[in-house]
Structures are given as structure tokens and as C-alpha cells.
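This is coords_38.txt. It holds compact mmCIF, C-alpha atoms.
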```
# COMPACT_ATOMS: atom_id res chain seq x y z
CA MET A 1 139.62 -120.88 -221.05
CA SER A 2 140.98 -124.34 -220.78
CA PHE A 3 144.25 -122.93 -219.46
CA LEU A 4 142.46 -120.96 -216.74
CA ASP A 5 140.49 -124.00 -215.81
CA VAL A 6 143.69 -126.01 -215.36
CA ILE A 7 145.24 -123.26 -213.31
CA SER A 8 142.17 -123.03 -211.06
CA CYS A 9 142.17 -126.75 -210.49
CA GLY A 10 145.85 -126.68 -209.56
CA PHE A 11 145.31 -123.91 -207.05
CA GLY A 12 142.33 -125.75 -205.68
CA ALA A 13 144.40 -128.88 -205.23
CA MET A 14 147.10 -126.97 -203.39
CA ILE A 15 144.54 -125.40 -201.04
CA LEU A 16 143.13 -128.86 -200.29
CA LEU A 17 146.63 -130.16 -199.53
CA LEU A 18 147.26 -127.27 -197.19
CA LEU A 19 144.00 -127.89 -195.38
CA ILE A 20 144.80 -131.56 -195.02
CA THR A 21 148.28 -130.74 -193.67
CA ASP A 22 146.95 -128.23 -191.04
CA ALA A 23 144.46 -130.79 -189.73
CA SER A 24 147.22 -133.31 -188.99
CA PRO A 25 147.41 -134.27 -185.21
CA THR A 26 151.24 -134.48 -185.22
CA VAL A 27 151.79 -131.35 -183.12
CA THR A 28 149.21 -132.43 -180.58
CA VAL A 29 150.84 -135.85 -180.16
CA GLU A 30 154.30 -134.32 -179.63
CA SER A 31 152.91 -131.86 -177.11
CA SER A 32 151.24 -134.61 -175.11
CA VAL A 33 154.44 -136.66 -175.14
CA VAL A 34 156.42 -133.68 -173.78
CA GLN A 35 153.79 -133.05 -171.12
CA GLN A 36 154.00 -136.70 -170.03
CA GLU A 37 157.82 -136.78 -169.99
CA LEU A 38 158.26 -133.77 -167.66
CA PRO A 39 156.62 -135.33 -164.52
CA ILE A 40 158.62 -138.54 -164.96
CA THR A 41 161.89 -136.59 -164.93
CA ASP A 42 160.91 -134.77 -161.75
CA LEU A 43 159.97 -138.02 -160.05
CA GLN A 44 163.29 -139.58 -161.02
CA GLN A 45 165.18 -136.61 -159.54
CA GLN A 46 163.17 -136.88 -156.33
CA LEU A 47 163.85 -140.61 -156.19
CA PHE A 48 167.61 -140.05 -156.58
CA GLN A 49 167.52 -137.39 -153.88
CA ILE A 50 165.62 -139.67 -151.49
CA ARG A 51 168.09 -142.48 -152.14
CA GLY A 52 171.00 -140.15 -151.34
CA GLU A 53 169.36 -138.99 -148.13
CA THR A 54 168.65 -142.59 -147.18
CA GLN A 55 172.33 -143.49 -147.57
CA VAL A 56 173.32 -140.54 -145.33
CA VAL A 57 170.77 -141.52 -142.70
CA ASN A 58 171.96 -145.14 -142.81
CA ARG A 59 175.58 -144.05 -142.32
CA ASP A 60 174.59 -141.87 -139.35
CA LEU A 61 172.51 -144.70 -137.90
CA ASN A 62 175.42 -147.14 -138.18
CA ALA A 63 177.74 -144.61 -136.52
CA LYS A 64 175.26 -144.08 -133.67
CA ARG A 65 174.94 -147.83 -133.22
CA GLU A 66 178.72 -148.16 -132.98
CA GLN A 67 178.85 -145.32 -130.43
CA LEU A 68 176.04 -146.92 -128.43
CA SER A 69 177.88 -150.23 -128.40
CA ALA A 70 181.08 -148.50 -127.22
CA PHE A 71 179.16 -146.66 -124.49
CA GLN A 72 177.52 -149.90 -123.36
CA ASP A 73 180.92 -151.58 -123.12
CA ARG A 74 182.30 -148.62 -121.18
CA ILE A 75 179.32 -148.64 -118.79
CA ALA A 76 179.82 -152.34 -118.20
CA ASN A 77 183.52 -151.79 -117.43
CA LEU A 78 182.73 -148.89 -115.10
CA ARG A 79 180.14 -150.96 -113.27
CA ARG A 80 182.69 -153.71 -112.73
CA GLU A 81 185.23 -151.18 -111.45
CA LEU A 82 182.58 -149.58 -109.20
CA SER A 83 181.68 -152.96 -107.74
CA ALA A 84 185.35 -153.65 -107.01
CA ILE A 85 185.87 -150.23 -105.42
CA GLN A 86 182.69 -150.56 -103.35
CA GLY A 87 183.93 -153.88 -102.10
CA GLN A 88 187.23 -152.31 -101.07
CA PHE A 89 185.48 -149.39 -99.39
CA ASN A 90 183.09 -151.67 -97.54
CA ALA A 91 186.01 -153.68 -96.24
CA SER A 92 187.89 -150.49 -95.30
CA ASP A 93 184.82 -148.97 -93.64
CA SER A 94 184.20 -152.05 -91.55
CA ILE A 95 187.83 -152.05 -90.39
CA ALA A 96 187.67 -148.30 -89.80
CA GLU A 97 184.50 -148.67 -87.71
CA GLU A 98 186.20 -151.24 -85.53
CA ARG A 99 189.20 -148.94 -85.12
CA ILE A 100 186.95 -145.99 -84.30
CA GLN A 101 185.19 -148.00 -81.61
CA GLU A 102 188.54 -149.04 -80.17
CA ALA A 103 189.78 -145.44 -80.35
CA GLU A 104 186.66 -144.17 -78.60
CA GLN A 105 187.09 -146.71 -75.86
CA LEU A 106 190.75 -145.75 -75.53
CA ALA A 107 189.87 -142.05 -75.51
CA SER A 108 187.29 -142.67 -72.78
CA ALA A 109 189.89 -144.52 -70.73
CA LYS A 110 192.43 -141.74 -71.29
CA GLN A 111 189.90 -139.12 -70.25
CA SER A 112 189.17 -141.00 -67.05
CA LEU A 113 192.88 -141.31 -66.43
CA THR A 114 193.38 -137.59 -67.14
CA ASP A 115 190.66 -136.58 -64.69
CA GLU A 116 192.24 -138.75 -62.03
CA MET A 117 195.72 -137.33 -62.77
CA GLN A 118 194.41 -133.79 -62.54
CA ARG A 119 192.82 -134.61 -59.20
CA LEU A 120 196.07 -136.06 -57.91
CA MET A 121 198.61 -133.75 -59.58
CA GLY A 122 196.68 -130.51 -59.98
CA VAL A 123 194.83 -128.76 -62.81
CA ASP A 124 197.93 -126.92 -64.08
CA THR A 125 199.82 -130.14 -64.80
CA THR A 126 200.93 -130.38 -68.47
CA ARG A 127 200.71 -133.72 -70.23
CA LYS A 128 203.89 -134.08 -72.25
CA ASN A 129 202.57 -137.02 -74.27
CA ASN A 130 200.03 -134.73 -75.95
CA LEU A 131 202.78 -132.88 -77.82
CA VAL A 132 204.54 -133.95 -81.01
CA GLY A 133 207.25 -131.57 -82.13
CA GLY A 134 205.75 -128.94 -79.84
CA ILE A 135 202.29 -129.23 -81.46
CA PRO A 136 199.35 -130.54 -79.38
CA VAL A 137 197.78 -133.56 -81.08
CA ASP A 138 194.77 -134.13 -78.87
CA SER A 139 192.20 -133.13 -81.49
CA GLU A 140 189.59 -135.47 -82.93
CA TYR A 141 188.93 -133.39 -86.06
CA ILE A 142 191.49 -131.58 -88.23
CA ILE A 143 191.08 -128.89 -90.91
CA PHE A 144 193.79 -127.87 -93.37
CA VAL A 145 193.65 -124.24 -94.58
CA ILE A 146 196.20 -124.13 -97.43
CA ASP A 147 197.56 -121.13 -99.33
CA THR A 148 197.08 -122.07 -103.01
CA SER A 149 198.69 -118.93 -104.45
CA GLY A 150 201.14 -119.11 -107.34
CA SER A 151 204.22 -118.70 -105.15
CA MET A 152 203.21 -121.73 -103.09
CA PHE A 153 201.99 -123.95 -105.91
CA GLN A 154 204.98 -123.31 -108.18
CA ASN A 155 207.71 -123.52 -105.54
CA ALA A 156 206.69 -125.22 -102.30
CA TRP A 157 204.06 -127.75 -103.39
CA PRO A 158 206.17 -130.94 -103.11
CA LYS A 159 207.27 -129.86 -99.64
CA LEU A 160 203.69 -129.00 -98.69
CA LEU A 161 202.56 -132.49 -99.73
CA ASP A 162 205.21 -133.97 -97.42
CA VAL A 163 204.09 -131.74 -94.53
CA VAL A 164 200.43 -132.72 -95.00
CA VAL A 165 201.37 -136.41 -95.08
CA ASP A 166 203.50 -136.01 -91.94
CA THR A 167 200.68 -134.17 -90.19
CA LEU A 168 198.19 -136.89 -91.04
CA ASP A 169 200.66 -139.52 -89.80
CA VAL A 170 200.70 -137.76 -86.43
CA TYR A 171 196.95 -138.49 -86.24
CA PRO A 172 196.64 -142.22 -86.99
CA GLU A 173 192.87 -142.04 -86.58
CA VAL A 174 190.54 -139.04 -86.36
CA LYS A 175 186.78 -138.66 -86.61
CA GLY A 176 186.82 -136.21 -89.50
CA ILE A 177 189.06 -134.28 -91.92
CA GLN A 178 188.42 -131.22 -94.09
CA ILE A 179 190.56 -129.48 -96.73
CA MET A 180 190.05 -125.80 -97.65
CA ASN A 181 192.19 -123.14 -99.24
CA ASP A 182 192.88 -119.76 -97.68
CA MET A 183 189.84 -118.31 -99.49
CA GLY A 184 187.53 -120.84 -97.86
CA ASP A 185 187.08 -122.92 -101.05
CA TYR A 186 186.63 -126.66 -100.52
CA MET A 187 188.76 -129.31 -102.14
CA PHE A 188 185.72 -131.63 -102.30
CA ASP A 189 182.42 -129.82 -102.93
CA SER A 190 180.52 -133.01 -102.14
CA PHE A 191 181.67 -132.65 -98.51
CA ARG A 192 180.91 -128.92 -98.25
CA GLY A 193 179.81 -128.24 -94.67
CA GLN A 194 180.47 -131.88 -93.70
CA TRP A 195 183.36 -133.89 -92.34
CA ILE A 196 185.30 -136.21 -94.63
CA PRO A 197 185.36 -139.64 -92.96
CA ASP A 198 188.88 -140.74 -92.11
CA THR A 199 189.85 -143.92 -93.94
CA PRO A 200 193.17 -144.95 -95.52
CA ALA A 201 191.59 -144.79 -98.98
CA ARG A 202 190.29 -141.26 -98.44
CA ARG A 203 193.65 -140.11 -97.11
CA GLN A 204 195.23 -141.32 -100.35
CA THR A 205 192.52 -139.52 -102.33
CA ILE A 206 193.23 -136.29 -100.45
CA ILE A 207 196.95 -136.44 -101.23
CA SER A 208 196.47 -137.38 -104.89
CA THR A 209 193.93 -134.56 -105.39
CA LEU A 210 196.12 -132.07 -103.56
CA ARG A 211 198.95 -132.61 -106.08
CA ASN A 212 197.13 -130.60 -108.76
CA TRP A 213 194.76 -128.49 -106.62
CA SER A 214 195.38 -124.77 -107.15
CA PRO A 215 192.23 -122.59 -106.89
CA PHE A 216 192.54 -118.80 -106.74
CA SER A 217 194.17 -117.38 -103.59
CA ASN A 218 194.78 -113.87 -102.25
CA SER A 219 197.55 -115.03 -99.86
CA SER A 220 195.51 -114.23 -96.76
CA PRO A 221 194.42 -116.99 -94.37
CA VAL A 222 191.63 -114.89 -92.88
CA GLU A 223 188.79 -116.12 -95.11
CA GLY A 224 189.72 -119.78 -94.75
CA VAL A 225 190.16 -119.73 -90.96
CA THR A 226 186.95 -117.71 -90.51
CA ALA A 227 184.95 -120.12 -92.69
CA ALA A 228 186.40 -123.14 -90.87
CA ILE A 229 185.45 -121.84 -87.41
CA ASN A 230 181.99 -120.62 -88.43
CA THR A 231 181.13 -123.87 -90.21
CA TYR A 232 182.65 -126.62 -88.10
CA TYR A 233 182.89 -125.42 -84.50
CA SER A 234 180.92 -127.55 -82.08
CA PRO A 235 181.32 -127.50 -78.28
CA ASP A 236 181.44 -131.31 -78.17
CA LYS A 237 184.28 -131.62 -80.71
CA LYS A 238 188.03 -131.12 -80.38
CA ILE A 239 189.13 -129.40 -83.58
CA SER A 240 192.52 -128.23 -84.85
CA ILE A 241 193.11 -125.97 -87.85
CA TYR A 242 196.43 -126.19 -89.68
CA VAL A 243 197.21 -123.03 -91.66
CA MET A 244 199.91 -123.48 -94.31
CA GLY A 245 201.30 -120.58 -96.32
CA ASP A 246 204.26 -118.40 -97.21
CA ASP A 247 203.20 -114.76 -97.03
CA PHE A 248 200.59 -112.21 -95.97
CA GLN A 249 200.36 -109.47 -98.56
CA PRO A 250 200.54 -105.79 -97.50
CA GLY A 251 197.19 -104.10 -97.27
CA GLY A 252 195.65 -106.43 -94.71
CA SER A 253 195.84 -105.45 -91.06
CA ILE A 254 197.36 -108.03 -88.72
CA THR A 255 195.55 -106.44 -85.78
CA ASN A 256 192.17 -106.66 -87.52
CA VAL A 257 192.77 -110.31 -88.39
CA ILE A 258 193.65 -111.21 -84.80
CA GLU A 259 190.67 -109.31 -83.40
CA THR A 260 188.32 -110.99 -85.89
CA ILE A 261 189.55 -114.47 -84.99
CA ASP A 262 189.37 -113.64 -81.27
CA ARG A 263 185.70 -112.76 -81.62
CA LEU A 264 184.93 -115.96 -83.51
CA ASN A 265 187.10 -118.37 -81.53
CA ALA A 266 185.93 -117.50 -78.04
CA LYS A 267 187.37 -119.14 -74.92
CA ASP A 268 185.53 -121.59 -72.70
CA GLU A 269 185.16 -121.24 -68.95
CA ASN A 270 188.67 -122.63 -68.48
CA GLY A 271 190.22 -120.15 -70.90
CA ASN A 272 190.74 -122.73 -73.67
CA PRO A 273 189.90 -121.73 -77.26
CA MET A 274 187.07 -123.53 -79.01
CA VAL A 275 189.38 -124.44 -81.90
CA ARG A 276 193.16 -124.83 -81.89
CA ILE A 277 194.97 -122.95 -84.65
CA HIS A 278 198.41 -124.12 -85.79
CA GLY A 279 200.56 -122.55 -88.48
CA VAL A 280 203.31 -123.72 -90.83
CA GLY A 281 205.45 -121.21 -92.74
CA PHE A 282 207.23 -122.02 -96.00
CA PRO A 283 210.21 -119.70 -96.73
CA VAL A 284 209.41 -119.30 -100.42
CA ILE A 285 209.56 -115.50 -100.42
CA PHE A 286 213.11 -115.47 -99.02
CA ALA A 287 214.31 -116.94 -102.32
CA LEU A 288 213.25 -113.68 -104.00
CA GLU A 289 214.75 -110.20 -103.83
CA PRO A 290 214.85 -108.57 -100.37
CA ARG A 291 212.16 -106.07 -101.32
CA TYR A 292 209.62 -108.92 -101.30
CA HIS A 293 210.58 -110.28 -97.88
CA GLN A 294 208.24 -107.99 -95.95
CA SER A 295 205.21 -110.13 -96.82
CA ALA A 296 206.94 -113.21 -95.35
CA TYR A 297 207.70 -111.35 -92.12
CA ARG A 298 204.05 -110.28 -91.95
CA TYR A 299 202.89 -113.86 -92.32
CA ALA A 300 205.26 -115.07 -89.58
CA ASN A 301 204.18 -112.30 -87.18
CA LEU A 302 200.51 -112.97 -87.89
CA MET A 303 200.75 -116.73 -87.38
CA ARG A 304 202.89 -116.46 -84.23
CA GLU A 305 200.33 -114.20 -82.60
CA LEU A 306 197.36 -116.13 -83.95
CA THR A 307 198.62 -119.55 -82.80
CA GLN A 308 199.66 -118.23 -79.39
CA ARG A 309 196.21 -116.77 -78.76
CA ASN A 310 194.40 -119.89 -79.96
CA GLY A 311 196.20 -122.74 -78.23
CA GLY A 312 198.38 -123.70 -81.18
CA THR A 313 201.97 -123.66 -82.41
CA PHE A 314 203.69 -121.91 -85.32
CA VAL A 315 206.46 -123.80 -87.14
CA GLY A 316 208.68 -121.95 -89.60
CA LEU A 317 210.45 -124.33 -91.98
CA ASN A 318 214.13 -123.87 -92.89
CA SER A 319 213.58 -124.86 -96.52
CA PHE A 320 210.74 -125.26 -99.01
CA GLU A 321 212.57 -127.85 -101.14
```
Please re-express this file's structure in C-alpha cells.
Amino acid sequence: MSFLDVISCGFGAMILLLLITDASPTVTVESSVVQQELPITDLQQQLFQIRGETQVVNRDLNAKREQLSAFQDRIANLRRELSAIQGQFNASDSIAEERIQEAEQLASAKQSLTDEMQRLMGVDTTRKNNLVGGIPVDSEYIIFVIDTSGSMFQNAWPKLLDVVVDTLDVYPEVKGIQIMNDMGDYMFDSFRGQWIPDTPARRQTIISTLRNWSPFSNSSPVEGVTAAINTYYSPDKKISIYVMGDDFQPGGSITNVIETIDRLNAKDENGNPMVRIHGVGFPVIFALEPRYHQSAYRYANLMRELTQRNGGTFVGLNSFE
């Protein structure tokens, strides 16, 4: 019995120890520590992410500030250049206005003299001093209709630049200039439907722009001449159109072109056309095989007939180089 009593006490002691061990708060403490550590880790990751984004934003901001500073410097330089150019233009415009007034006075005197000469010498008298190289130069406004096709731009462009410069030199001072291609496209869209004022600076701008100007062309002057007459004819203005090209492709009717221009460019009561039409031919096509020469002959025939009917002159050049 004593042995059983000892054994029972031992088992009882073990059960008490187990109960004491199960009631220990160790697991609860560890769980709370883990639950507190998880949010801190997330916050640290968010903080690192925000710091990284802040660095990126700061770099972008610094780059934008540098770009802004460069743009401000460029704007300041452009404003200085604009002020200098405006000063040059103002000086040129004032000189040009004085020359225009002098030219108008001279033109008025010439007109009075012409009327008196016609009264004394007869209406059919021809004034030889109105011709330069066989081309009348009595116009106050001039329009260039230029063939910008590949054959012209790749082969005859340096020569064309010389011809345009020579033509402008024949007219030291006019009231307006316009540049179009044979499709009726304008060189300067800002002057669409308007006259480009004639100043030395603008003449230089025309030549410099013309060096690299090559819009699409169908090698037919019809569209350009038609647009020029429809847009710029005015009964109180003396206008000359200079057509410059090298060929007139098969498929277009020369007769239809002439009849169309005749309807547009009607004659006044004295039989004079509203607008003079001159033509310049560049022999580019003749450097190719003979089977291509027909388009050059067509252009020459068209321009001879067109200029004869419209008070102008056709000039065929011997070389395009």
C-alpha cells in the first residue's frame, strides 16, 4: 500500500507539472511579438520605396530645370536676333518705300510721256526700251511658275537659279513677287493669295529657299498658270508670268491648254492680254535618249504658242549647265 501511495503521488506531481507548463504565457508573448514585427517590416519597405521614387522624381526635376534654363537662354538669343533682323527690315522697308515712291513718280512721268508719244507718233509705235533680250519688262508684278519635277531639280537647278536671279535683276523694283510651282503650290504659304513685297532681303530669301525647294510636279504648267491668273489678275495691275520648265508629258492636249488659258486670260479693248506669259525652256531632256525628246518638243510648241497669244516671249536655252 505504501508503494501504491508513492506511485500515486508521483503521478499526481507529474500532472501538476504538466498543468503548470500548459498555463505558461510563453506562446502568447511570441505570437504578439511576431504580430508586432510584421507591420514594421511593411512600413520599412514602403519607406524604402518612397525614398527611391523621391530620388527618381528629384532627378527628373533637375533635368527639367536644366532644360528650362537652356530654353530660356535660347529664347533670349532668338529675341536678340529677332530684334536685330527687325531693325534691318525696318531700315530696308523705309528705303524700299522711298524707292517705290520715286518709282511711282517715274512711272507716272513715263506714262504721260508715252501718251504724248502715241499722240505724236501713232498708236502702233513700238517702244524699244521696253524690251530686254526680246522680253517686255513693263510689268509691275511678276509671278514665277517653276517646274519642280525630278528632271529639273536634279539636272537644271543651278542654271534655273541663275535665270531667276537674272530675271529679277531685269526688274530692279516691282510692287510684288510670287513664286509657285507648276502644280500651283506656293513657295511661301504665309503669302498664299498675296503679293510678296519686293525688298533686297526678301529677294535673297527667295533665292536661298529656291535652292532646296522641290514639291511634287507633274511636268505640266497648266495648273500653275491657271492658279496664277485666277488668283492675281487685277485690271489695274501689270502682271507678267514666267513659266520655267523642260518638258510637257504626253497625255495632255496642247490645244486644250491653249484654249483654257485663252478663256482665262481675256483681252482688253485694245487686244492686249490681261497678263503677259513668258516661257523659258531648259534642254534637260535632250541629254537623254532620243525616245524621250518628244516631251521636250511638246513643251517648246506649247510655250511658243502660249507666249505668242499672251503678249510674251519664249526663250529656249542652249544649255542647262
Find the residue from A:Lys238, A:Arg211, A:Arg203, A:His293 that sits nearest to Thr167 (chain A); use all atoms listed in the file when measuring.
A:Arg203
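Among the candidate residues A:Asn256, A:Ser214, A:Ser234, A:Ser83, the one lying nearest to Met187 (chain A) is A:Ser214, with distances computed using all atoms listed in the file.
Of the residues under consideration (A:Asn265, A:Pro158, A:Leu306, A:Asn301), A:Pro158 shows the shortest atom-to-atom contact distance to Ser208 (chain A) when counting all atoms listed in the file.
Between CA of Val137 (chain A) and CA of Asn181 (chain A) the separation is 21.7 Å.
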Would you compute, for all listed atoms of region 150-158 of chain A, the axis-aligned bounding box grown by 6 Å on each side, and then report its centre and edge lengths in Å rounded to one decimal, as AutoDock Vina command-line options?
```
--center_x 204.4 --center_y -124.8 --center_z -105.2 --size_x 18.6 --size_y 24.2 --size_z 17.9
```
What is the CA of Val222 (chain A) to CA of Phe191 (chain A) distance in Å?
21.1 Å
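CA of Ile277 (chain A) is positioned 19.8 Å from CA of Asn218 (chain A).
Using all atoms listed in the file for every distance, the candidate list A:Gly271, A:Pro290, A:Gly150, A:Pro200 yields A:Pro200 as the residue closest to Tyr171 (chain A).
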Counting all atoms listed in the file, the option among A:Ala70, A:Val56, A:Ile207, A:Ile50 closest to Asp166 (chain A)
A:Ile207
So which one's closest to Ser139 (chain A), A:Ser151, A:Gly87, A:Val170, A:Val243? Using only C-alpha atoms, please.
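Ranked by minimum distance to Ser139 (chain A), first place goes to A:Val170.
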Compile the contact shell of Ala228 (chain A) as an MDAnalysis selection string: residues with an atom at most 8 Å away, counting only C-alpha atoms, same-chain residues fewer than 3 positions apart removed.
chainID A and resid 143 184 224:225 231:233 241
Could you pull out every residue with an atom within 12 Å of (206.0, -121.9, -93.3), file coordinates, counting all atoms listed in the file, and send them as JSON, numbers by chain?
{"A": [146, 147, 152, 156, 157, 159, 160, 163, 242, 243, 244, 245, 246, 247, 248, 278, 279, 280, 281, 282, 283, 284, 285, 286, 296, 297, 298, 299, 300, 301, 302, 303, 304, 313, 314, 315, 316, 317, 318, 319, 320, 321]}
Would you mind exporting C-alpha atoms of the selected residues as an mmCIF file, keeping the file's coordinate frame?
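Generated output (out-v4.cif):
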```cif
data_model
loop_
_atom_site.group_PDB
_atom_site.id
_atom_site.type_symbol
_atom_site.label_atom_id
_atom_site.label_comp_id
_atom_site.auth_asym_id
_atom_site.auth_seq_id
_atom_site.Cartn_x
_atom_site.Cartn_y
_atom_site.Cartn_z
ATOM 1 C CA ILE A 146 196.200 -124.130 -97.430
ATOM 2 C CA ASP A 147 197.560 -121.130 -99.330
ATOM 3 C CA MET A 152 203.210 -121.730 -103.090
ATOM 4 C CA ALA A 156 206.690 -125.220 -102.300
ATOM 5 C CA TRP A 157 204.060 -127.750 -103.390
ATOM 6 C CA LYS A 159 207.270 -129.860 -99.640
ATOM 7 C CA LEU A 160 203.690 -129.000 -98.690
ATOM 8 C CA VAL A 163 204.090 -131.740 -94.530
ATOM 9 C CA TYR A 242 196.430 -126.190 -89.680
ATOM 10 C CA VAL A 243 197.210 -123.030 -91.660
ATOM 11 C CA MET A 244 199.910 -123.480 -94.310
ATOM 12 C CA GLY A 245 201.300 -120.580 -96.320
ATOM 13 C CA ASP A 246 204.260 -118.400 -97.210
ATOM 14 C CA ASP A 247 203.200 -114.760 -97.030
ATOM 15 C CA PHE A 248 200.590 -112.210 -95.970
ATOM 16 C CA HIS A 278 198.410 -124.120 -85.790
ATOM 17 C CA GLY A 279 200.560 -122.550 -88.480
ATOM 18 C CA VAL A 280 203.310 -123.720 -90.830
ATOM 19 C CA GLY A 281 205.450 -121.210 -92.740
ATOM 20 C CA PHE A 282 207.230 -122.020 -96.000
ATOM 21 C CA PRO A 283 210.210 -119.700 -96.730
ATOM 22 C CA VAL A 284 209.410 -119.300 -100.420
ATOM 23 C CA ILE A 285 209.560 -115.500 -100.420
ATOM 24 C CA PHE A 286 213.110 -115.470 -99.020
ATOM 25 C CA ALA A 296 206.940 -113.210 -95.350
ATOM 26 C CA TYR A 297 207.700 -111.350 -92.120
ATOM 27 C CA ARG A 298 204.050 -110.280 -91.950
ATOM 28 C CA TYR A 299 202.890 -113.860 -92.320
ATOM 29 C CA ALA A 300 205.260 -115.070 -89.580
ATOM 30 C CA ASN A 301 204.180 -112.300 -87.180
ATOM 31 C CA LEU A 302 200.510 -112.970 -87.890
ATOM 32 C CA MET A 303 200.750 -116.730 -87.380
ATOM 33 C CA ARG A 304 202.890 -116.460 -84.230
ATOM 34 C CA THR A 313 201.970 -123.660 -82.410
ATOM 35 C CA PHE A 314 203.690 -121.910 -85.320
ATOM 36 C CA VAL A 315 206.460 -123.800 -87.140
ATOM 37 C CA GLY A 316 208.680 -121.950 -89.600
ATOM 38 C CA LEU A 317 210.450 -124.330 -91.980
ATOM 39 C CA ASN A 318 214.130 -123.870 -92.890
ATOM 40 C CA SER A 319 213.580 -124.860 -96.520
ATOM 41 C CA PHE A 320 210.740 -125.260 -99.010
ATOM 42 C CA GLU A 321 212.570 -127.850 -101.140
#
```
